[in-house]
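Structure record follows, encoded as structure tokens.
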Amino acid sequence: MILEQLIVGTMDVCCYVVGCEKTGKGAIIDPGGDEEKILASVKKHGLDLEYILLTHGHPDHVCGNRKIQEATGAKIVMHVDDAAFFAKRSVAEYFSMLGLEASPPADILIKEGDVVSVGEEKFEVIHTPGHTPGGVCFYNAPNLFTGDTLFAGGIGRTDFPGGSSQQLLSSIRSKLFVLPAETVVWPGHGYGGCNSTIGIEAKSNPFL
């Protein structure tokens with residue numbers, strides 16, 4: 001699989017350009033700004049961009065959606081719970097304080113167990129609420145794209161609207177730590193490092 005990690009935007013989001021080597025089909029995970037940088041990576045890898053995959057709906061992870069979609073025609077993919085949550089006026093008004101562009105409406109709504117096919121590469125949807133109601137991780141063994149659910153040596157914050165520390169800890173322990181220890185964790189921010197493994201986090205993450 002083609003995989004490139006990019007640090008983008010004012011909040012240093014870990015964005016991922018992924019693709020199928022055989023078919024040239026591609027996707028972006030969490031385009032949080034610096035759209036030209038992301039599009040340059042897509043072009044470098046010669047990808048036909050099909051999807052914008054979102055681990056959750058916070059503005060720092062979705063603020064590049066509109067420009068990327070306009071440039072490529074890629075479809076925006078979000079969990080059904082986050083699509084509904086971030087469409088609420090009160091929620092939109094709260095997160096507008098970040099000064100970042102909101103996402104256009106999702107084109108495809110996903111749920112637990114769904115699979116998004118990018119060429120011959122398959123990304124399984126693992127619903128991991130806690131950071132947001134519809135937070136997800138995308139699993140393409142041995143790679144796991146965790147957004148702000150799980151970091152290298154950390155976990156996502158839960159003090160924003162829609163957050164729940166109990167839900168987040170349950171999501172990580174019951175859905176992520178059951179994956180093989182060698183699974184590579186690709187987080188939504190590089191606070192403790194740009195990647196890790198499930199084995200390392202299960203043994204040494206101080207929050208767990």
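Letters A, B, ... go to the chains of the structure tokens in the order shown; residues in each chain start at 1; ligands are counted from 1 in the same order.
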Produce a table with one row for each residue of region 86-117 of chain A that has an atom at most 12 Å from any atom of region 27-50 of chain A, each row naming the nearest atom pair and its distance in Å at one decimal; use only C-alpha atoms; arrange rows by chain and rising residue number; format as a Markdown table.
```
| residue | atom | partner | partner_atom | distance |
| --- | --- | --- | --- | --- |
| A:Leu100 | CA | A:Gly33 | CA | 9.0 |
| A:Glu101 | CA | A:Gly33 | CA | 9.4 |
| A:Ala102 | CA | A:Gly32 | CA | 10.6 |
| A:Ser103 | CA | A:Pro31 | CA | 10.4 |
| A:Asp107 | CA | A:Glu50 | CA | 11.5 |
| A:Ile108 | CA | A:Glu50 | CA | 11.6 |
| A:Val116 | CA | A:Ala27 | CA | 10.0 |
| A:Ser117 | CA | A:Glu50 | CA | 9.7 |
```
**OP:** Find the residues near region 189-191 of chain A: any atom within 10 Å, counting only C-alpha atoms, skip ones fewer than 6 places away on the same chain, and give them as a list of chain:residue names.
**Re:** A:Ile7, A:Val8, A:Met11, A:Asp12, A:Val13, A:Cys14, A:Cys15, A:His61, A:Thr146, A:Gly147, A:Asp148, A:Leu150, A:Phe151, A:Ala152, A:Gly153, A:Gly154, A:Ile155, A:Gly156
Quick one: write out the picked residues with N, CA and C atoms as a compact mmCIF listing (two decimals), in the first residue's frame?
```txt
# COMPACT_ATOMS: atom_id res chain seq x y z
N ILE A 7 2.25 16.30 8.01
CA ILE A 7 1.84 17.14 9.14
C ILE A 7 1.31 18.44 8.54
N VAL A 8 0.04 18.74 8.80
CA VAL A 8 -0.62 19.84 8.10
C VAL A 8 -1.39 20.75 9.06
N MET A 11 -2.78 23.25 13.48
CA MET A 11 -2.78 22.41 14.68
C MET A 11 -1.98 21.13 14.48
N ASP A 12 -1.13 21.12 13.47
CA ASP A 12 -0.21 19.99 13.24
C ASP A 12 -0.93 18.64 13.23
N VAL A 13 -1.93 18.55 12.38
CA VAL A 13 -2.67 17.30 12.22
C VAL A 13 -1.86 16.32 11.38
N CYS A 14 -1.88 15.06 11.78
CA CYS A 14 -1.29 14.01 10.96
C CYS A 14 -2.31 13.58 9.91
N CYS A 15 -2.06 13.99 8.69
CA CYS A 15 -2.89 13.62 7.54
C CYS A 15 -2.20 12.49 6.79
N HIS A 61 -9.41 18.62 11.72
CA HIS A 61 -9.23 17.42 10.88
C HIS A 61 -10.02 17.47 9.58
N THR A 146 -5.75 6.05 13.75
CA THR A 146 -6.51 6.19 14.98
C THR A 146 -7.06 7.59 15.22
N GLY A 147 -6.77 8.56 14.37
CA GLY A 147 -7.27 9.91 14.59
C GLY A 147 -6.89 10.39 15.97
N ASP A 148 -7.86 10.97 16.70
CA ASP A 148 -7.58 11.46 18.04
C ASP A 148 -8.10 10.51 19.12
N LEU A 150 -6.37 7.47 19.84
CA LEU A 150 -5.15 6.95 20.47
C LEU A 150 -3.93 7.58 19.83
N PHE A 151 -3.06 8.13 20.67
CA PHE A 151 -1.79 8.70 20.22
C PHE A 151 -0.64 7.79 20.66
N ALA A 152 0.56 8.14 20.24
CA ALA A 152 1.75 7.48 20.77
C ALA A 152 1.98 8.03 22.18
N GLY A 153 1.66 7.21 23.17
CA GLY A 153 1.83 7.63 24.56
C GLY A 153 0.74 8.52 25.09
N GLY A 154 -0.40 8.58 24.41
CA GLY A 154 -1.48 9.45 24.87
C GLY A 154 -2.82 9.00 24.32
N ILE A 155 -3.86 9.73 24.71
CA ILE A 155 -5.21 9.49 24.21
C ILE A 155 -5.86 10.83 23.91
N GLY A 156 -6.97 10.81 23.21
CA GLY A 156 -7.66 12.04 22.85
C GLY A 156 -8.30 12.71 24.05
```
Original post:
Taking into account only C-alpha atoms, which residue in the set A:Phe207, A:Phe85, A:Phe123, A:Phe177 is nearest to Gly163 (chain A)?
Top reply: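 Of all the options, A:Phe85 lies closest to Gly163 (chain A).
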**OP:** Would you list the contacts of Thr55 (chain A) as number ranges by chain, taking every protein, DNA or RNA residue within 10 Å and counting only C-alpha atoms, but skipping same-chain residues closer than 6 positions in sequence?
**Re:** A: 29-30, 61-62, 77-79, 82, 125-128, 132, 134-138, 145-149, 188
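Put simply, CA of Ile198 (chain A) is 11.9 Å away from CA of Ala141 (chain A).
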Subject >> Nearest-residue call for Leu54 (chain A), choices A:Pro180, A:Gln5, A:Val91, A:Ile110, using only C-alpha atoms >> reply: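 So, comparing all the options, the nearest one is A:Ile110.
You can rank A:Tyr51, A:Val80, A:Phe86, A:Asn143 by their closest distance to Ile68 (chain A) using only C-alpha atoms, and at the top of that list sits A:Tyr51.
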**OP:** Within region 8-198 of chain A, find each residue whose DSSP state, derived from the backbone, is alpha helix (DSSP H), and express the selection as a ChimeraX atom specification.
**Re:** /A:35-44,59-62,65-72,80-86,89-95,165-171,198
Original post:
So how far away is CA of Thr197 (chain A) from CA of Glu120 (chain A), in Å?
Top reply: 24.0 Å
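Nearest residue to Pro129 (chain A), choosing from A:Leu179, A:Leu168, A:Leu109, A:Met97 and counting only C-alpha atoms: A:Leu168.
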**OP:** Enumerate, as an NGL selection string, the complete set of residues in chain A that a backbone-based DSSP assignment places in strand (DSSP E).
**Re:** :A and (2-8 or 13-19 or 25-29 or 48-53 or 75-79 or 108-110 or 115-118 or 121-127 or 136-140 or 143-147 or 150-151 or 154-155 or 184-187 or 196-197)
**OP:** Excluding Phe160 (chain A) and residues on its chain fewer than 5 positions from it, collect all residues at most 12 Å away from it, counting only C-alpha atoms, and give them as a ChimeraX atom specification.
**Re:** /A:58,91,94-95,130-133,165
Go ahead and write the residues just picked, C-alpha atoms, as an mmCIF file, in the first residue's frame.
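What landed in selection_14.cif:
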```cif
data_model
loop_
_atom_site.group_PDB
_atom_site.id
_atom_site.type_symbol
_atom_site.label_atom_id
_atom_site.label_comp_id
_atom_site.auth_asym_id
_atom_site.auth_seq_id
_atom_site.Cartn_x
_atom_site.Cartn_y
_atom_site.Cartn_z
ATOM 1 C CA HIS A 58 -13.412 18.293 14.595
ATOM 2 C CA VAL A 91 -22.105 22.339 18.039
ATOM 3 C CA TYR A 94 -19.057 26.129 19.567
ATOM 4 C CA PHE A 95 -16.337 24.840 17.252
ATOM 5 C CA GLY A 130 -15.226 9.010 23.277
ATOM 6 C CA HIS A 131 -13.309 11.841 21.646
ATOM 7 C CA THR A 132 -16.419 12.483 19.546
ATOM 8 C CA PRO A 133 -19.664 10.475 19.281
ATOM 9 C CA SER A 165 -13.574 9.690 28.997
#
```
Original post:
With only C-alpha atoms as the atoms that count, which of A:Glu112, A:Glu201, A:Glu93, A:Glu182 lies nearest to Glu124 (chain A)?
Top reply: A:Glu112
**OP:** Could you check which of A:Ala202, A:Asn195, A:Cys63, A:Gly24 is closest to Ala181 (chain A), using only C-alpha atoms?
**Re:** A:Ala202
